[in-house]
Amino acid sequence: MARGRPPIFLQPEPYRRRRLVDAARLLPVFGTFLIIVPCILLPRGLVGTTASLMLYLFLVWTLLIIFAALITRYIQKAEQSGHRPLTGDAGSDAGEGA
Amino acid sequence: MLTLNVLVAISLIYVIALFSVAYVAERRAAQGKAGWLRAPMIYTLSLSVYCTAWTFYGAVGYAARSGLEFITIYLGPTLVFIGWWWLLRKLVRIGRSQRITSIADLISSRYGKSNSLAVIVTLMAVIASTPYIALQLQSVSLSFSVFAPAEGTPDALADQRTTAMWVAIGLAVFTVLFGTRNLDANERHHGVVMAIAVEAVVKLVALLAVGAFVVWGMAGGIGPMLERIDQSQVAAWEVEGSRWVGLIFVSAAAVITLPRMFQVLVVENADEGHLSTASWAFPAYLLLMSLFVIPIAVMGLERMPEGANPDLFVLTLPLSEDQNALAALAFLGGFSSATSMVIVASIALSTMVSNHIIMPIWLSFQEGGASVSGDVRRAMLRSRRASIAAVMILGYGYYALSSGSEALAAIGLIAFVGAAQVLPALIGAIFWRGATRRGAAAGLIAGFAVWAYTLYLPSFGASGPMSAEFLQNGPAGLSALRPQALFGLVGLDPLVHALLWSMVLNTGAFLAVSLMTFPSPMERLQGAQFVNIFEHSSSPRSWTGGMAEAEDLLIMAQRILGAREAQSLFVTAAQEQGKTGYLPEPTPDFLALLERELAGSVGAATAHAMISQINGGASVSVRDLMAVADETAQMMEYSSQLETKSQELEAIAGQLRDANEKLTELSIQKDAFLSQISHELRTPMTSIRSFSEILMEGSLEASERQRYSKIIHGESIRLTRLLDDLLDLSVLENGQVVLNPQTDTLQALLDRAVAATTAAGQQPQAIRIVRSQGAETITLHTDTDRLVQVFINIIANSIKYCDAADPELRIEARSTGEELWLDFIDNGSGIPPRSEAVIFEKFARIGDQAKAGGAGLGLAICREIMANLGGSIMYVREHQGAAFRVTLPIHLSQAA
């Protein structure tokens with residue numbers, strides 16, 4: 001079955017880059033969810049002690065920072081791989097940073 | 001024990017070090033060696049002005065009172081920075097492309113450059129920030145007082161005020177020195193940013209050091225520390241959902257809208273790429289700053305005596321453990337936090353106050369406006385400096401009036417909520433084209449009024465403008481208007497209450513009024529610019545690094561305009577700018593002029609693109625532009641060559657066309673000539689053949705035979721004459737004629753001609769020939785036989801064609817010494833104008849064929865003869881009858 005229809009052509013880099021931007025946009029949404037939900041939706045008893053809540057928050061925080069750094073790095077790589085951004089909103093020429 | 005004097009000395013050394021750092025940074029930037037000054041990490045560290053003394057000292061106090069809640073102040077900004085792709089990126093791009101100088105400028109610029117909006121935002125910023133600056137002064141003076149031996153004496157408060165005053169003066173000097181170096185508020189304050197980056201490192205290191213000492217030095221590791229936390233009274237804290245969400249929201253809003261944050265985030269941004277680094281590095285900084293807050297608070301509550309100020313645990317905890325060096329470091333950390341905030345806040349506020357309040361007033365007082373630019377420049381700098389001093393005095397005054405009161409401690413969050421009131425107008429400005437100036441003003445005023453009524457004024461307590469009774473029962477007993485339970489919303493935390501109402505009313509007024517009002521053209525224009533910023537600006541512009549060098553511009557212009565023109569243009573511009581040499585400053589005026597000049601050569605669009613690229617675009621190098629310019633020059637040269645060639649081709653094509661026409665004409669003439677010849681030959685041949693056939697039959701009478709033979713003879717003669725003429729013409733036309741020059745008088749020649757024509761004598765009527773005998777004495781040296789042939793022809797023509805009742809031919813001779821002019825004028829009706837052109841052509845006969853009796857070659861032969869004799873024959877139109885003028889040289893030149 002390998003000789004089916006040819007795959008629809010997609011320029012890999014710009015496509016990858018747009019998905020990375022999507023990820024960058026989604027990250028704060030997840031972050032907000034993770035930071036707010038345990039504190040207001042869960043019953044008081046489930047929140048745990050101050051120390052455990054503190055550990056949880058710092059863990060979420062650290063993960064957010066790491067993911068943000070990774071996504072930023074990949075976006076920069078995608079931009080530096082020679083493909084100019086397609087549309088104005090999806091792109092910035094931020095390649096020279098870092 | 002660390003004495004106050006030692007501490008003062010340390011502070012002074014630290015301050016001197018900061019001044020030096022700022023000075024060196026300015027120097028390097030001025031020399032163009034700003035490379036590492038513009039590193040993304042410097043930008044990230046400068047963002048740390050978010051962490052003020054309220055953070056450095058206050059976070060621990062906050063944690064001691066409310067447990068983990070303090071962390072919301074850092075989680076909000078973290079979410080905003082991690083989500084930079086939503087908001088910050090657009091904000092920074094707008095700030096850079098629109099050259100925004102402050103948050104008031106941004107709001108004003110978006111809503112049709114309305115100064116009234118800028119004034120509203122500026123006033124809000126000053127009112128909300130002044131207590132915050134006072135808080136910083138208080139924290140510095142408090143931290144000094146910790147070391148002062150005179151604690152508790154009546155002088156303590158006065159000492160603190162003196163300290164605060166000196167700090168305020170020192171900060172004012174620093175800010176004036178490094179914050180108002182350039183007129184351009186948009187230019188980066190390298191010195192200030194560098195000093196703040198250093199302070200950011202100091203405060204982070206200080207807090208981490210104290211934290212590490214507490215966790216590993218005092219608690220004995222992470223595990224024991226966590227146990228202590230859960231046993232501590234800090235753990236008694238419980239999450240309160242509304243405050244948790246509200247504080248995250250308000251801190252997220254404040255990190256954008258606080259004037260000082262806007263200053264470092266947008267105005268001081270040197271490169272958009274820095275933001276992508278800051279998006280994770282700044283949250284990391286905040287995380288490190290809050291990492292040890294809870295442990296320090298827990299340990300402070302455990303170790304410090306009852307009633308000790310938890311706001312000073314960072315300082316007092318190391319002191320109580322006799323860690324003097326650590327305490328000094330902590331002190332410097334707090335000092336750094338306070339001073340960096342005051343410096344940036346006063347720069348931001350002074351820019352706003354100066355640009356939107358002082359300068360408009362000053363300009364309106366100037367009669368006839370500011371005509372001299374130097375005037376405005378000096379006034380701008382002066383007003384900026386005065387504004388800095390005024391902001392500092394306000395801060396100090398506020399501190400002096402309210403020190404000791406509880407009001408100051410809570411001011412941090414109150415200021416945050418106040419700053420957040422700009423958020424709806426800001427978000428609307430960059431995402432909603434329908435937002436209008438009136439809407440923004442309505443939202444700002446509503447939000448600010450509600451904030452002042454429900455949070456700011458009540459914060460002064462019962463001794464402030466609102467009495468306890470007022471707070472309890474509302475104005476004039478109207479319980480619906482109770483400041484802390486507006487419209488009956490009882491039971492909410494006052495801060496959340498104020499935040500909720502102010503944001504709801506602010507946003508509601510903004511949206512409603514925006515929907516109802518109509519934007520001005522300027523607003524629509526700016527709105528489109530802001531909302532669609534990524535479509536308008538393809539690449540970020542760099543203000544400091546990418547300025548076009550005048551030399552580059554000159555090189556480019558020379559390649560397009562030509563060396564001499566470009567140089568004279570530059571020299572003129574330089575002289576107009578009052579500069580010697582040939583390189584003017586690339587001012588906007590000059591660039592516009594240059595663009596116009598270039599547009600004349602390469603077209604407006606290309607010129608604009610080239611200038612804007614060389615002026616602002618960091619993405620196109622000068623070398624690329626040179627290539628473009630070279631190409632353009634080559635193309636221009638090539639196109640001018642093409643133009644010349646096409647002109648040549650056109651001329652040649654015209655010649656070819658003419659030649660072709662002539663050839664076609666000649667071909668027609670040749671055909672006509674051949675058919676004419678056949679006809680001319682055929683006519684006599686036919687009669688000869690017919691009559692000879694009659695003769696051959698015999699049986700004719702002698703008289704008839706005689707007559708027929710005569711006809712045959714006559715036709716033969718005519719045929720012979722025709723052939724002679726043709727041969728003659730052919731010889732003449734080919735230039736193969738052999739001339740036989742002789743000398744004779746004109747009179748003799750004419751006599752011969754007249755005799756020949758009249759002797760021929762068969763003409764039915766004779767013509768009277770009038771001659772001017774006197775002029776005919778000229779002696780000619782020419783081929784006289786040929787000339788006589790011409791005369792005979794003309795005279796014979798006159799005899800043949802002159803249709804007058806009494807025909808007369810006048811022959812007039814004139815001589816110029818070199819040339820003879822001879823006119824033959826008859827008194828007939830002349831030649832019709834349409835026939836004039838053809839009379840010299842072969843076989844051209846006008847009128848009756850029979851009358852002519854010749855082959856029509858006479859005048860053609862005349863023309864050829866005259867041409868061979870070096871003269872000409874032409875028809876003269878002026879006279880009534882037919883007139884021919886013969887011109888010929890008196891002496892035939894051998895060359896002719």
# chains A, B, ... in the order shown; residues from 1 in each chain; ligands from 1
>>> residues_around(residues="stretch 671-674 of chain B", least_positions_apart="5", cutoff="12 Å", atoms="only C-alpha atoms", output="VMD selection string")
chain B and resid 664 to 666 679 to 682 726 841 to 844 855 to 857
>>> select_by_dssp(residues="stretch 111-222 of chain B", states="helix (DSSP H, G or I)", output="PyMOL selection string")
chain B and resi 115-147+155-179+190-219+222
>>> write_last_selection(atoms="C-alpha atoms", output="PDB file, in the first residue's frame")
ATOM      1  CA  ASN B 115      -3.333  64.884  24.483  1.00  0.00           C
ATOM      2  CA  SER B 116      -6.270  64.933  26.884  1.00  0.00           C
ATOM      3  CA  LEU B 117      -6.099  61.140  27.131  1.00  0.00           C
ATOM      4  CA  ALA B 118      -2.372  61.387  27.736  1.00  0.00           C
ATOM      5  CA  VAL B 119      -3.010  63.856  30.530  1.00  0.00           C
ATOM      6  CA  ILE B 120      -5.535  61.497  32.147  1.00  0.00           C
ATOM      7  CA  VAL B 121      -3.121  58.563  32.023  1.00  0.00           C
ATOM      8  CA  THR B 122      -0.258  60.739  33.264  1.00  0.00           C
ATOM      9  CA  LEU B 123      -2.226  62.028  36.230  1.00  0.00           C
ATOM     10  CA  MET B 124      -3.326  58.489  37.099  1.00  0.00           C
ATOM     11  CA  ALA B 125       0.244  57.291  36.877  1.00  0.00           C
ATOM     12  CA  VAL B 126       1.541  60.093  39.087  1.00  0.00           C
ATOM     13  CA  ILE B 127      -1.181  59.605  41.684  1.00  0.00           C
ATOM     14  CA  ALA B 128      -0.675  55.842  41.789  1.00  0.00           C
ATOM     15  CA  SER B 129       3.114  55.945  41.664  1.00  0.00           C
ATOM     16  CA  THR B 130       3.908  58.676  44.156  1.00  0.00           C
ATOM     17  CA  PRO B 131       2.993  56.575  47.221  1.00  0.00           C
ATOM     18  CA  TYR B 132       4.945  53.740  45.690  1.00  0.00           C
ATOM     19  CA  ILE B 133       8.049  55.902  45.426  1.00  0.00           C
ATOM     20  CA  ALA B 134       7.458  56.996  49.008  1.00  0.00           C
ATOM     21  CA  LEU B 135       7.349  53.327  49.969  1.00  0.00           C
ATOM     22  CA  GLN B 136      10.798  52.795  48.476  1.00  0.00           C
ATOM     23  CA  LEU B 137      12.219  55.766  50.357  1.00  0.00           C
ATOM     24  CA  GLN B 138      10.661  54.430  53.515  1.00  0.00           C
ATOM     25  CA  SER B 139      12.169  50.992  53.009  1.00  0.00           C
ATOM     26  CA  VAL B 140      15.662  52.439  52.581  1.00  0.00           C
ATOM     27  CA  SER B 141      15.377  54.649  55.619  1.00  0.00           C
ATOM     28  CA  LEU B 142      13.870  51.782  57.639  1.00  0.00           C
ATOM     29  CA  SER B 143      16.706  49.488  56.661  1.00  0.00           C
ATOM     30  CA  PHE B 144      19.214  52.132  57.722  1.00  0.00           C
ATOM     31  CA  SER B 145      17.419  52.540  61.028  1.00  0.00           C
ATOM     32  CA  VAL B 146      17.857  48.828  61.719  1.00  0.00           C
ATOM     33  CA  PHE B 147      21.557  49.501  62.066  1.00  0.00           C
ATOM     34  CA  ASP B 155      15.200  61.362  66.987  1.00  0.00           C
ATOM     35  CA  ALA B 156      14.678  58.102  65.134  1.00  0.00           C
ATOM     36  CA  LEU B 157      11.897  59.336  62.899  1.00  0.00           C
ATOM     37  CA  ALA B 158      13.737  62.556  62.118  1.00  0.00           C
ATOM     38  CA  ASP B 159      16.881  60.528  61.303  1.00  0.00           C
ATOM     39  CA  GLN B 160      14.877  58.329  58.979  1.00  0.00           C
ATOM     40  CA  ARG B 161      13.498  61.387  57.232  1.00  0.00           C
ATOM     41  CA  THR B 162      16.970  62.813  56.801  1.00  0.00           C
ATOM     42  CA  THR B 163      18.127  59.505  55.330  1.00  0.00           C
ATOM     43  CA  ALA B 164      15.167  59.417  52.999  1.00  0.00           C
ATOM     44  CA  MET B 165      15.853  62.978  51.904  1.00  0.00           C
ATOM     45  CA  TRP B 166      19.480  62.258  51.089  1.00  0.00           C
ATOM     46  CA  VAL B 167      18.480  59.122  49.220  1.00  0.00           C
ATOM     47  CA  ALA B 168      15.901  61.109  47.261  1.00  0.00           C
ATOM     48  CA  ILE B 169      18.453  63.782  46.391  1.00  0.00           C
ATOM     49  CA  GLY B 170      21.027  61.210  45.350  1.00  0.00           C
ATOM     50  CA  LEU B 171      18.528  59.405  43.164  1.00  0.00           C
ATOM     51  CA  ALA B 172      17.388  62.658  41.600  1.00  0.00           C
ATOM     52  CA  VAL B 173      20.990  63.512  40.723  1.00  0.00           C
ATOM     53  CA  PHE B 174      21.579  60.064  39.256  1.00  0.00           C
ATOM     54  CA  THR B 175      18.384  60.164  37.239  1.00  0.00           C
ATOM     55  CA  VAL B 176      19.002  63.658  35.904  1.00  0.00           C
ATOM     56  CA  LEU B 177      22.578  62.729  35.012  1.00  0.00           C
ATOM     57  CA  PHE B 178      21.825  59.491  33.220  1.00  0.00           C
ATOM     58  CA  GLY B 179      18.138  59.761  32.416  1.00  0.00           C
ATOM     59  CA  HIS B 190      22.302  52.704  28.408  1.00  0.00           C
ATOM     60  CA  GLY B 191      23.757  53.937  31.665  1.00  0.00           C
ATOM     61  CA  VAL B 192      20.527  53.584  33.583  1.00  0.00           C
ATOM     62  CA  VAL B 193      19.727  50.186  32.094  1.00  0.00           C
ATOM     63  CA  MET B 194      23.206  48.914  32.892  1.00  0.00           C
ATOM     64  CA  ALA B 195      23.062  50.171  36.464  1.00  0.00           C
ATOM     65  CA  ILE B 196      19.667  48.556  36.914  1.00  0.00           C
ATOM     66  CA  ALA B 197      20.939  45.281  35.499  1.00  0.00           C
ATOM     67  CA  VAL B 198      23.769  45.351  38.057  1.00  0.00           C
ATOM     68  CA  GLU B 199      21.296  46.108  40.820  1.00  0.00           C
ATOM     69  CA  ALA B 200      19.108  43.243  39.603  1.00  0.00           C
ATOM     70  CA  VAL B 201      22.013  40.855  40.057  1.00  0.00           C
ATOM     71  CA  VAL B 202      22.824  42.279  43.492  1.00  0.00           C
ATOM     72  CA  LYS B 203      19.304  41.910  44.814  1.00  0.00           C
ATOM     73  CA  LEU B 204      18.918  38.390  43.436  1.00  0.00           C
ATOM     74  CA  VAL B 205      22.239  37.294  44.884  1.00  0.00           C
ATOM     75  CA  ALA B 206      21.416  38.926  48.209  1.00  0.00           C
ATOM     76  CA  LEU B 207      18.040  37.256  48.537  1.00  0.00           C
ATOM     77  CA  LEU B 208      19.388  33.884  47.409  1.00  0.00           C
ATOM     78  CA  ALA B 209      22.260  34.181  49.864  1.00  0.00           C
ATOM     79  CA  VAL B 210      19.974  34.962  52.772  1.00  0.00           C
ATOM     80  CA  GLY B 211      17.640  32.162  51.679  1.00  0.00           C
ATOM     81  CA  ALA B 212      20.428  29.626  51.353  1.00  0.00           C
ATOM     82  CA  PHE B 213      21.729  30.652  54.779  1.00  0.00           C
ATOM     83  CA  VAL B 214      18.282  30.197  56.264  1.00  0.00           C
ATOM     84  CA  VAL B 215      17.601  26.810  54.652  1.00  0.00           C
ATOM     85  CA  TRP B 216      21.012  25.199  54.972  1.00  0.00           C
ATOM     86  CA  GLY B 217      22.595  27.330  57.675  1.00  0.00           C
ATOM     87  CA  MET B 218      19.733  27.569  60.090  1.00  0.00           C
ATOM     88  CA  ALA B 219      17.123  24.908  59.250  1.00  0.00           C
ATOM     89  CA  ILE B 222      15.375  21.148  52.550  1.00  0.00           C
TER      90      ILE B 222
END
>>> residues_around(residues="A:Arg17", least_positions_apart="2", cutoff="8 Å", atoms="only C-alpha atoms", output="ChimeraX atom specification")
/A:13-15,19-21,75,78-79
>>> write_last_selection(atoms="N, CA, C and O atoms", output="short mmCIF file (atom, residue, chain, number, x, y, z; two decimals), in the first residue's frame")
data_model
loop_
_atom_site.label_atom_id
_atom_site.label_comp_id
_atom_site.auth_asym_id
_atom_site.auth_seq_id
_atom_site.Cartn_x
_atom_site.Cartn_y
_atom_site.Cartn_z
N GLU A 13 9.15 23.46 7.18
CA GLU A 13 9.59 24.43 8.19
C GLU A 13 8.52 25.43 8.59
O GLU A 13 8.25 25.62 9.77
N PRO A 14 7.89 26.11 7.62
CA PRO A 14 6.86 27.06 8.04
C PRO A 14 5.73 26.38 8.79
O PRO A 14 5.20 26.94 9.75
N TYR A 15 5.41 25.16 8.36
CA TYR A 15 4.33 24.46 9.05
C TYR A 15 4.73 24.17 10.49
O TYR A 15 4.02 24.45 11.43
N ARG A 19 3.08 25.63 14.12
CA ARG A 19 2.62 24.80 15.24
C ARG A 19 3.36 25.18 16.52
O ARG A 19 2.81 25.13 17.61
N LEU A 20 4.63 25.55 16.37
CA LEU A 20 5.39 25.98 17.56
C LEU A 20 4.78 27.26 18.13
O LEU A 20 4.68 27.42 19.34
N VAL A 21 4.37 28.16 17.23
CA VAL A 21 3.73 29.39 17.71
C VAL A 21 2.43 29.03 18.42
O VAL A 21 2.10 29.61 19.46
N ILE A 75 11.52 27.88 17.88
CA ILE A 75 10.99 28.88 16.94
C ILE A 75 12.16 29.62 16.29
O ILE A 75 12.18 29.85 15.08
N ALA A 78 13.71 27.40 13.75
CA ALA A 78 12.89 27.31 12.55
C ALA A 78 13.04 28.56 11.71
O ALA A 78 13.04 28.51 10.48
N GLU A 79 13.18 29.71 12.37
CA GLU A 79 13.33 30.95 11.62
C GLU A 79 14.71 31.04 10.98
O GLU A 79 14.86 31.56 9.88
#
>>> residues_around(residues="stretch 53-62 of chain A", least_positions_apart="5", cutoff="9 Å", atoms="only C-alpha atoms", output="number ranges by chain")
A: 31, 34-35, 38-39, 47-48, 67; B: 68, 71, 75, 78, 283-284, 287, 291, 294
>>> residues_around(residues="B:Arg89", least_positions_apart="3", cutoff="10 Å", atoms="only C-alpha atoms", output="mmCIF file with N, CA and C atoms, in the first residue's frame")
data_model
loop_
_atom_site.group_PDB
_atom_site.id
_atom_site.type_symbol
_atom_site.label_atom_id
_atom_site.label_comp_id
_atom_site.auth_asym_id
_atom_site.auth_seq_id
_atom_site.Cartn_x
_atom_site.Cartn_y
_atom_site.Cartn_z
ATOM 1 N N SER A 92 8.031 37.029 12.969
ATOM 2 C CA SER A 92 8.804 38.219 13.285
ATOM 3 C C SER A 92 10.236 37.852 12.976
ATOM 4 N N PHE B 81 4.498 36.776 30.561
ATOM 5 C CA PHE B 81 5.737 36.646 29.778
ATOM 6 C C PHE B 81 5.791 35.348 28.998
ATOM 7 N N GLY B 83 3.265 33.914 27.894
ATOM 8 C CA GLY B 83 2.329 34.149 26.793
ATOM 9 C C GLY B 83 2.678 35.375 25.987
ATOM 10 N N TRP B 84 3.965 35.673 25.818
ATOM 11 C CA TRP B 84 4.396 36.892 25.125
ATOM 12 C C TRP B 84 3.897 36.937 23.702
ATOM 13 N N TRP B 85 3.611 35.728 23.144
ATOM 14 C CA TRP B 85 3.171 35.697 21.761
ATOM 15 C C TRP B 85 1.797 36.351 21.599
ATOM 16 N N TRP B 86 1.050 36.416 22.713
ATOM 17 C CA TRP B 86 -0.277 37.032 22.649
ATOM 18 C C TRP B 86 -0.188 38.552 22.643
ATOM 19 N N VAL B 92 5.481 45.452 21.989
ATOM 20 C CA VAL B 92 6.850 45.900 21.731
ATOM 21 C C VAL B 92 6.998 46.357 20.287
ATOM 22 N N ARG B 93 6.383 45.615 19.359
ATOM 23 C CA ARG B 93 6.479 46.005 17.953
ATOM 24 C C ARG B 93 5.848 47.376 17.753
ATOM 25 N N ILE B 94 4.682 47.585 18.354
ATOM 26 C CA ILE B 94 4.013 48.888 18.231
ATOM 27 C C ILE B 94 4.890 49.979 18.842
ATOM 28 N N GLY B 95 5.404 49.680 20.027
ATOM 29 C CA GLY B 95 6.238 50.673 20.708
ATOM 30 C C GLY B 95 7.420 51.078 19.850
ATOM 31 N N VAL B 266 9.006 48.188 26.965
ATOM 32 C CA VAL B 266 8.731 48.638 25.604
ATOM 33 C C VAL B 266 9.697 49.740 25.168
ATOM 34 N N GLU B 272 13.625 43.316 19.256
ATOM 35 C CA GLU B 272 12.469 42.461 19.546
ATOM 36 C C GLU B 272 12.878 41.061 19.958
ATOM 37 N N GLY B 273 14.013 40.623 19.437
ATOM 38 C CA GLY B 273 14.468 39.276 19.761
ATOM 39 C C GLY B 273 14.731 39.091 21.255
ATOM 40 N N LEU B 275 12.948 39.974 23.584
ATOM 41 C CA LEU B 275 11.721 39.603 24.275
ATOM 42 C C LEU B 275 11.570 38.088 24.347
ATOM 43 N N SER B 276 12.017 37.389 23.289
ATOM 44 C CA SER B 276 11.858 35.939 23.303
ATOM 45 C C SER B 276 12.732 35.316 24.380
ATOM 46 N N SER B 279 11.102 36.050 27.705
ATOM 47 C CA SER B 279 9.851 35.330 27.941
ATOM 48 C C SER B 279 10.029 34.160 28.898
#
>>> atom_distance(atom1="atom CA of B:Gln233", atom2="atom CA of A:Ser52")
15.4 Å
>>> residues_around(residues="B:Lys113", least_positions_apart="2", cutoff="12 Å", atoms="only C-alpha atoms", output="list of chain:residue names")
B:Gln98, B:Ile100, B:Ala104, B:Asp105, B:Leu106, B:Ile107, B:Ser108, B:Ser109, B:Arg110, B:Tyr111, B:Asn115, B:Ser116, B:Leu117, B:Ala118, B:Val119, B:His356, B:Thr436, B:Arg437, B:Ser520, B:Pro521, B:Met522, B:Glu523, B:Arg524, B:Leu525, B:Gln526, B:Gly527
>>> closest_residue(among="A:Tyr74, A:Arg18, A:Thr50, A:Gln80", to="chain B", atoms="only C-alpha atoms")
A:Thr50
>>> residues_around(residues="B:Gly334", least_positions_apart="3", cutoff="6 Å", atoms="only C-alpha atoms", output="PyMOL selection string")
chain B and resi 53+56+331+337
>>> write_last_selection(atoms="all heavy atoms", output="CSV table (one decimal), in the first residue's frame")
chain,number,residue,atom,x,y,z
B,53,ALA,N,11.6,47.2,46.5
B,53,ALA,CA,11.8,46.9,47.9
B,53,ALA,C,10.6,46.3,48.5
B,53,ALA,O,10.7,45.5,49.5
B,53,ALA,CB,12.1,48.2,48.6
B,56,PHE,N,11.4,42.9,47.8
B,56,PHE,CA,12.6,42.4,48.5
B,56,PHE,C,12.4,42.2,50.0
B,56,PHE,O,12.6,41.1,50.6
B,56,PHE,CB,13.8,43.3,48.3
B,56,PHE,CG,15.1,42.8,48.7
B,56,PHE,CD1,15.8,42.0,47.9
B,56,PHE,CD2,15.6,43.1,50.0
B,56,PHE,CE1,17.1,41.5,48.3
B,56,PHE,CE2,16.8,42.6,50.4
B,56,PHE,CZ,17.6,41.8,49.5
B,331,PHE,N,21.3,44.3,52.9
B,331,PHE,CA,21.0,45.7,52.9
B,331,PHE,C,21.2,46.2,51.5
B,331,PHE,O,20.3,47.0,51.0
B,331,PHE,CB,21.9,46.4,53.9
B,331,PHE,CG,21.8,47.9,53.7
B,331,PHE,CD1,20.8,48.6,54.3
B,331,PHE,CD2,22.8,48.6,53.0
B,331,PHE,CE1,20.7,50.0,54.2
B,331,PHE,CE2,22.7,50.0,52.9
B,331,PHE,CZ,21.7,50.7,53.5
B,337,SER,N,17.0,47.3,45.2
B,337,SER,CA,15.6,47.2,44.8
B,337,SER,C,14.9,48.6,44.8
B,337,SER,O,14.2,48.9,43.9
B,337,SER,CB,14.8,46.3,45.7
B,337,SER,OG,15.6,45.1,45.9
>>> closest_residue(among="B:Glu302, B:Phe534, B:Ala498, B:Leu349", to="chain A", atoms="only C-alpha atoms")
B:Phe534
